[in-house]
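Have a look at protein34.cif; it's mmCIF, C-alpha atoms and all ligand atoms:
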data_target
#
loop_
_atom_site.label_atom_id
_atom_site.label_comp_id
_atom_site.auth_asym_id
_atom_site.auth_seq_id
_atom_site.Cartn_x
_atom_site.Cartn_y
_atom_site.Cartn_z
CA MET A 1 89.68 116.17 71.34
CA SER A 2 89.47 119.88 70.68
CA LEU A 3 91.93 121.30 68.20
CA SER A 4 91.52 124.88 69.34
CA ALA A 5 94.34 126.56 71.21
CA PRO A 6 93.93 126.28 74.95
CA THR A 7 92.45 129.32 76.61
CA THR A 8 93.81 130.65 79.84
CA ALA A 9 90.78 129.27 81.63
CA ALA A 10 91.30 125.86 80.07
CA ALA A 11 94.96 125.89 81.05
CA ALA A 12 94.03 126.84 84.58
CA ALA A 13 91.45 124.08 84.68
CA ALA A 14 94.00 121.59 83.40
CA ALA A 15 96.45 122.68 86.06
CA ALA A 16 93.76 122.30 88.71
CA VAL A 17 92.97 118.82 87.46
CA ALA A 18 96.63 117.88 87.49
CA LYS A 19 96.96 119.18 91.01
CA THR A 20 94.04 117.23 92.40
CA SER A 21 94.48 114.17 90.25
CA VAL A 22 95.80 111.82 92.92
CA ALA A 23 92.99 112.68 95.32
CA GLU A 24 90.43 112.40 92.54
CA ALA A 25 91.75 109.11 91.23
CA LEU A 26 91.87 107.76 94.76
CA SER A 27 88.32 108.83 95.34
CA ALA A 28 87.20 107.21 92.09
CA VAL A 29 88.84 103.92 93.06
CA LYS A 30 87.22 104.03 96.49
CA THR A 31 83.84 104.68 94.91
CA LYS A 32 84.26 101.65 92.65
CA ILE A 33 85.34 99.48 95.55
CA GLN A 34 82.37 100.63 97.60
CA ALA A 35 79.94 99.99 94.76
CA SER A 36 81.32 96.50 94.16
CA ALA A 37 81.23 95.71 97.86
CA GLU A 38 77.60 96.74 98.03
CA ARG A 39 76.74 94.63 95.01
CA LEU A 40 78.50 91.67 96.57
CA GLY A 41 76.99 92.30 99.98
CA ARG A 42 80.42 92.18 101.61
CA PRO A 43 82.53 94.63 103.53
CA ALA A 44 84.83 96.67 101.33
CA PRO A 45 88.37 95.31 101.17
CA ARG A 46 91.29 97.31 102.48
CA LEU A 47 92.79 99.50 99.79
CA VAL A 48 96.57 99.52 99.63
CA ALA A 49 97.83 102.38 97.49
CA VAL A 50 100.82 100.98 95.64
CA SER A 51 103.21 103.88 95.40
CA LYS A 52 106.36 102.32 93.99
CA THR A 53 108.44 104.70 91.87
CA LYS A 54 106.21 107.64 92.88
CA PRO A 55 107.57 110.63 94.79
CA VAL A 56 106.66 111.36 98.40
CA SER A 57 104.79 114.47 97.23
CA MET A 58 102.27 112.27 95.44
CA LEU A 59 102.00 109.89 98.35
CA MET A 60 101.30 112.89 100.57
CA GLU A 61 98.44 113.91 98.30
CA ALA A 62 96.89 110.53 98.90
CA PHE A 63 97.68 110.71 102.60
CA GLU A 64 96.00 114.07 102.90
CA ALA A 65 92.97 112.62 101.16
CA GLY A 66 92.77 110.06 103.95
CA GLN A 67 94.78 107.16 102.55
CA ARG A 68 96.76 105.30 105.20
CA HIS A 69 97.84 101.97 103.71
CA PHE A 70 100.68 102.26 101.21
CA GLY A 71 102.46 99.46 99.40
CA GLU A 72 106.04 99.41 98.19
CA ASN A 73 107.95 96.82 96.17
CA TYR A 74 111.53 97.85 96.57
CA VAL A 75 113.36 97.73 99.88
CA GLN A 76 115.49 100.74 99.16
CA GLU A 77 112.51 102.84 98.14
CA LEU A 78 110.53 101.91 101.23
CA VAL A 79 113.50 102.64 103.46
CA GLU A 80 113.89 106.07 101.87
CA LYS A 81 110.22 107.02 101.90
CA ALA A 82 109.14 105.80 105.32
CA PRO A 83 110.98 108.47 107.37
CA ASN A 84 109.65 111.16 105.03
CA MET A 85 106.01 110.27 105.57
CA PRO A 86 103.90 110.59 108.71
CA ARG A 87 104.13 107.82 111.28
CA TYR A 88 100.41 107.15 110.76
CA VAL A 89 101.20 105.51 107.44
CA LYS A 90 100.74 101.77 107.48
CA TRP A 91 103.39 100.39 105.18
CA HIS A 92 102.93 97.16 103.28
CA PHE A 93 105.92 95.51 101.71
CA ILE A 94 104.66 93.66 98.64
CA GLY A 95 107.81 92.99 96.61
CA ASN A 96 110.15 90.09 96.27
CA LEU A 97 112.04 90.05 99.53
CA GLN A 98 115.53 88.61 99.76
CA SER A 99 116.81 87.59 103.14
CA ASN A 100 119.84 89.85 102.94
CA LYS A 101 117.46 92.84 102.64
CA VAL A 102 115.25 91.98 105.56
CA LYS A 103 117.39 93.89 108.04
CA HIS A 104 116.65 97.11 106.18
CA ILE A 105 112.89 96.96 106.55
CA VAL A 106 112.39 95.47 110.00
CA SER A 107 113.51 98.62 111.75
CA ILE A 108 110.74 100.69 110.15
CA PRO A 109 108.48 101.13 113.19
CA ASN A 110 105.31 101.54 111.14
CA LEU A 111 105.94 98.61 108.84
CA TYR A 112 102.44 97.17 109.02
CA MET A 113 102.55 94.08 106.91
CA VAL A 114 104.83 92.03 104.70
CA GLU A 115 102.56 90.49 102.09
CA SER A 116 105.25 88.61 100.24
CA VAL A 117 106.58 85.89 102.52
CA HIS A 118 107.50 83.15 100.10
CA SER A 119 109.88 80.89 101.97
CA VAL A 120 110.76 79.47 105.37
CA LYS A 121 114.02 81.34 105.14
CA ILE A 122 112.33 84.74 104.71
CA ALA A 123 109.89 84.01 107.53
CA ASN A 124 112.71 82.97 109.85
CA THR A 125 114.83 85.96 108.94
CA LEU A 126 111.98 88.38 109.59
CA ASN A 127 111.24 86.70 112.87
CA ARG A 128 114.88 86.80 113.95
CA LEU A 129 115.61 90.37 112.94
CA LEU A 130 112.47 92.16 114.12
CA PRO A 131 113.55 94.39 116.98
CA ASP A 132 112.28 93.53 120.45
CA THR A 133 111.19 97.13 120.78
CA ARG A 134 108.44 96.60 118.20
CA GLU A 135 105.08 97.20 119.80
CA GLU A 136 103.11 94.61 117.90
CA LYS A 137 103.67 91.49 115.90
CA LEU A 138 104.41 91.99 112.24
CA ARG A 139 101.48 90.92 110.11
CA VAL A 140 102.54 88.70 107.27
CA MET A 141 100.92 87.03 104.32
CA VAL A 142 102.19 84.00 102.48
CA GLN A 143 102.60 84.77 98.81
CA VAL A 144 101.36 82.00 96.55
CA ASN A 145 102.38 81.58 92.94
CA THR A 146 98.95 80.84 91.50
CA SER A 147 99.86 81.34 87.85
CA GLY A 148 102.52 78.67 87.70
CA GLU A 149 104.86 81.08 85.96
CA GLU A 150 108.40 80.21 86.89
CA SER A 151 109.38 83.84 87.03
CA LYS A 152 106.81 84.74 89.68
CA SER A 153 107.65 84.75 93.32
CA GLY A 154 105.63 82.79 95.83
CA VAL A 155 105.24 79.25 97.07
CA GLU A 156 103.52 76.67 94.93
CA PRO A 157 99.90 76.24 95.97
CA SER A 158 100.81 72.75 97.21
CA GLY A 159 103.39 74.26 99.57
CA CYS A 160 101.17 76.95 101.02
CA LEU A 161 99.82 75.04 104.01
CA GLU A 162 103.28 73.95 105.05
CA LEU A 163 104.67 77.49 105.01
CA VAL A 164 101.64 78.78 106.89
CA GLU A 165 102.13 76.11 109.53
CA HIS A 166 105.81 76.93 109.79
CA VAL A 167 105.01 80.57 110.53
CA MET A 168 102.32 79.61 113.03
CA ALA A 169 104.56 77.19 114.87
CA ASN A 170 107.93 78.91 114.79
CA CYS A 171 107.65 82.63 114.18
CA THR A 172 106.48 84.18 117.41
CA LYS A 173 107.05 87.75 116.25
CA LEU A 174 104.91 87.25 113.14
CA GLU A 175 101.16 87.12 112.84
CA LEU A 176 99.95 85.21 109.83
CA VAL A 177 96.95 87.15 108.55
CA GLY A 178 96.40 85.89 105.04
CA LEU A 179 97.54 84.85 101.61
CA MET A 180 98.62 87.00 98.69
CA THR A 181 98.90 86.45 94.98
CA ILE A 182 99.62 88.48 91.88
CA GLY A 183 97.96 86.31 89.28
CA ARG A 184 98.81 86.13 85.65
CA LEU A 185 99.70 89.42 84.02
CA GLY A 186 97.02 90.65 81.66
CA ASP A 187 94.81 87.67 82.38
CA VAL A 188 91.26 88.61 83.23
CA SER A 189 90.13 85.11 84.10
CA PRO A 190 89.52 84.40 87.78
CA GLU A 191 91.54 81.17 87.86
CA CYS A 192 94.39 82.51 89.97
CA PHE A 193 92.00 84.15 92.43
CA GLN A 194 90.01 80.95 92.78
CA LEU A 195 93.19 79.05 93.41
CA LEU A 196 94.22 81.42 96.19
CA ALA A 197 90.76 81.08 97.76
CA LYS A 198 91.19 77.31 97.61
CA CYS A 199 94.54 77.60 99.40
CA ARG A 200 92.82 79.68 102.07
CA ASP A 201 90.07 77.07 102.42
CA ASP A 202 92.67 74.32 102.87
CA VAL A 203 94.34 76.26 105.67
CA MET A 204 91.01 77.08 107.32
CA GLU A 205 89.88 73.49 107.17
CA LYS A 206 92.78 72.48 109.39
CA HIS A 207 93.23 75.61 111.48
CA ALA A 208 89.85 77.28 111.82
CA THR A 209 90.28 77.76 115.54
CA SER A 210 93.55 79.63 115.05
CA PHE A 211 91.93 82.06 112.66
CA GLN A 212 88.66 83.02 114.30
CA ASP A 213 88.34 86.07 112.09
CA GLY A 214 89.23 84.13 108.98
CA LEU A 215 92.22 84.58 106.73
CA GLU A 216 92.65 87.47 104.37
CA LEU A 217 93.13 87.27 100.64
CA SER A 218 95.32 89.94 99.08
CA MET A 219 94.55 89.95 95.40
CA GLY A 220 93.49 92.41 92.73
CA MET A 221 95.39 95.31 91.20
CA SER A 222 94.39 98.23 88.97
CA GLY A 223 93.16 96.04 86.15
CA ASP A 224 91.32 93.41 88.11
CA PHE A 225 90.44 94.51 91.63
CA GLU A 226 86.71 94.21 91.03
CA LEU A 227 87.12 90.69 89.71
CA ALA A 228 89.32 89.84 92.68
CA MET A 229 86.67 91.23 95.02
CA ALA A 230 84.10 88.98 93.44
CA HIS A 231 86.35 86.09 94.41
CA GLY A 232 86.75 87.16 98.00
CA SER A 233 89.61 89.64 98.08
CA THR A 234 89.92 91.48 101.40
CA ASN A 235 92.96 93.53 100.42
CA VAL A 236 93.37 95.10 96.99
CA ARG A 237 96.66 96.62 95.84
CA VAL A 238 96.09 99.46 93.43
CA GLY A 239 98.90 101.51 91.95
CA SER A 240 98.69 103.02 88.51
CA THR A 241 94.99 103.85 88.66
CA ILE A 242 95.69 106.09 91.64
CA PHE A 243 99.13 107.50 90.87
CA GLY A 244 99.25 107.24 87.08
CA ALA A 245 101.36 105.02 84.88
CA ARG A 246 104.81 104.39 86.21
CA SER A 247 107.74 105.81 84.32
CA TYR A 248 111.23 104.56 84.70
CA PRO A 249 114.63 105.85 83.64
CA ALA A 250 114.84 105.70 79.85
CA LYS A 251 118.03 103.68 79.93
CA ALA A 252 118.85 100.81 82.16
CA ALA A 253 121.72 101.76 84.38
CA PRO A 254 125.12 100.45 83.32
CA ALA A 255 126.88 97.99 85.58
CA PRO A 256 126.42 99.31 89.10
CA PRO A 257 129.36 100.00 91.36
CA ALA A 258 130.42 96.93 93.30
CA SER A 259 128.95 98.27 96.53
CA ALA A 260 125.55 99.14 95.07
CA ASP A 261 122.71 96.72 95.33
CA ALA A 262 121.24 96.58 91.87
CA SER A 263 118.33 94.35 92.75
CA ALA A 264 116.84 96.97 95.02
CA VAL A 265 116.72 99.65 92.35
CA PRO A 266 114.04 99.78 89.67
CA THR A 267 115.94 100.40 86.46
CA PRO A 268 114.84 97.99 83.71
CA PRO A 269 113.65 99.49 80.42
CA ALA A 270 110.08 100.74 80.63
CA GLU A 271 108.61 98.20 78.26
CA GLU A 272 109.87 95.34 80.37
CA GLN A 273 109.18 96.96 83.67
CA GLN A 274 105.53 96.10 84.08
CA GLN A 275 106.39 92.48 83.66
CA LYS A 276 109.58 92.53 85.64
CA GLU A 277 108.36 94.34 88.67
CA GLN A 278 105.84 91.66 89.36
CA GLU A 279 108.22 88.85 88.88
CA SER A 280 110.80 87.31 90.99
CA THR A 281 113.98 88.15 89.23
CA ASN A 282 115.90 86.36 91.93
CA SER A 283 115.36 82.67 92.11
CA LYS A 284 117.48 82.22 95.22
C1 LIG B 1 102.88 97.09 91.11
C2 LIG B 1 102.10 96.13 91.93
C3 LIG B 1 100.74 96.35 92.19
C4 LIG B 1 99.94 97.49 91.61
O1 LIG B 1 99.82 97.34 90.24
P1 LIG B 1 98.89 98.34 89.37
O2 LIG B 1 98.59 97.54 88.18
O3 LIG B 1 99.72 99.53 89.11
O4 LIG B 1 97.70 98.64 90.19
C5 LIG B 1 100.10 95.44 93.02
N1 LIG B 1 100.75 94.38 93.55
C6 LIG B 1 102.05 94.14 93.32
C7 LIG B 1 102.70 92.96 93.94
C8 LIG B 1 102.76 94.99 92.48
O5 LIG B 1 104.04 94.74 92.23
#

Any chance you could put this one into C-alpha cells?
Amino acid sequence: MSLSAPTTAAAAAAAAVAKTSVAEALSAVKTKIQASAERLGRPAPRLVAVSKTKPVSMLMEAFEAGQRHFGENYVQELVEKAPNMPRYVKWHFIGNLQSNKVKHIVSIPNLYMVESVHSVKIANTLNRLLPDTREEKLRVMVQVNTSGEESKSGVEPSGCLELVEHVMANCTKLELVGLMTIGRLGDVSPECFQLLAKCRDDVMEKHATSFQDGLELSMGMSGDFELAMAHGSTNVRVGSTIFGARSYPAKAAPAPPASADASAVPTPPAEEQQQKEQESTNSK
C-alpha cells in the first residue's frame, strides 16, 4: 500500500473503480464460472446474484451489466425490491420461508423460483396461494439440510425423496426443478455437495421419466462455487463477491412493535449475521 497522499488522478480513478465495481465484480465471477465450466467440460451453471441487504441501485448496476437472476433471503426485502426493478428480473427466493409469509411473495409476477421448499406445509401453501393469473408454474427446489446442523433449514437427506414426490403428486401449480443446499459454513470439503448429488441420484433413479432434462443442483456461494461446480452444481448463488460484504445495522433493533414482523427483517449484530442468515432461526 502506498503511503503517499492521494493525487487527484488517483482519487478520480478510485471513484471510477467504486462506480463500476459491481459490474466488474460480476464480470470477474462470470469469467471464473466460465473457466471452471470449460475445465469441467460442462455447461456453465446459472448465476444467481444474491442481493440481500443491498440497495436497488446496486442491483440495477448488475442488471445493466446483463444480470437477470437475483436471489433474496428475506420476504419483506423481496417484496419491496421487486416492484422497483424491471419486470425482466427473474427473482429467486432462497431464504427460510414460513407459511404465514408465503402470501406476500406469490403475488410477485416475476417470482421465478423458490429454492427453499423445506416442508410439505410450505409446498402446499405455495400451491394454494399462487394466483390463477400466473402465466407459468412456479419453479421450486427442495432444500436439503446436508450438513446435519440443527439450525439449518431444509429436509433431512432421508426425507428428500418423499417431499419431492409430494410436490410432484399434489402441487399442480409448482414445477419441481431441483434440489438446493447451503452446506456447512466455512467448510471447504465437498461432503455436503456430494450428499446433495446423491439425493438427486436417488430421485432420478425412481423418476427419470418425469425429469427428462435432469434435476438441477443449487449449491455453491462466494467461497465455494467452483468446488460446487466440480460436484455438479447447475445453479450457483453468489452474493458478497459481486456486491461486497454485507453490512447490517450496528445495533440489533430493540423489541419490535407488536405489529411488526421481526423475522422478516435482517437486524442481528454483524458478527452473527453471516451465520444467522443462512440458518433457520425458526424451527416451526
Ligand atoms: C447469503 C446467501 C448466499 C450468498 O452468500 P455469499 O457468501 O455472500 O455469496 C447464497 N445462498 C444463500 C441461501 C444465502 O443465504

Identify, on the basis of only C-alpha atoms, every residue whose closest approach to A:His207 does not exceed 12 Å; exclude the query and any residue fewer than 3 positions from it along the same chain; express the result as a PyMOL selection string. chain A and resi 161+164-165+168-169+176+200-204+210-215

Kindly provide, as a count of residues only, all nucleotide and amino acid residues lying within 9 Å of ligand LIG 1 (chain B), counting all atoms listed in the file. 41

Separation of atom CA of A:Gly148 from atom CA of A:Cys192, in Å and rounded to one decimal: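 Atom CA of A:Cys192 lies 9.3 Å from atom CA of A:Gly148.
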
Can you find the residues with an atom no farther than 12 Å from (110.4, 93.1, 116.7), counting all atoms listed in the file, and report them as a ChimeraX atom specification? /A:103,105-112,125-139,171-175

Atomic distance atom CA of A:Gly41 - atom CA of A:Ala230, expressed in Å with one decimal: 10.2 Å

Quick one: of A:Asn170, A:Glu226, A:Val144, A:Ser189, who's nearest to A:Thr31, counting only C-alpha atoms?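 Ranking A:Asn170, A:Glu226, A:Val144, A:Ser189 by distance to A:Thr31, first place goes to A:Glu226.
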
Can you measure atom CA of A:Val167 to atom CA of A:Asn124 for me? One decimal in Å is fine.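 Atom CA of A:Val167 sits 8.1 Å away from atom CA of A:Asn124.
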
Nearest to A:Ser147 among A:Lys90, A:Leu195, A:Val102, A:Val188, with distances taken over only C-alpha atoms: which residue is it?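 Smallest distance to A:Ser147 is found for A:Leu195.
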
I'd like to know which of A:Val22, A:Met229, A:Ile33, A:Leu97 is closest to A:Ala62, using all atoms listed in the file.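 Closest to A:Ala62 of all the choices is A:Val22.
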
Of the candidates A:Ser153, A:Tyr248, A:His166, A:Ala197, which shows the shortest atom-to-atom distance to A:Thr234, using only C-alpha atoms? A:Ala197

From A:Asn100, A:Thr53, A:Ser21, A:Gln67, residue lying nearest A:Tyr88 [only C-alpha atoms]: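 Ranked by minimum distance to A:Tyr88, first place goes to A:Gln67.
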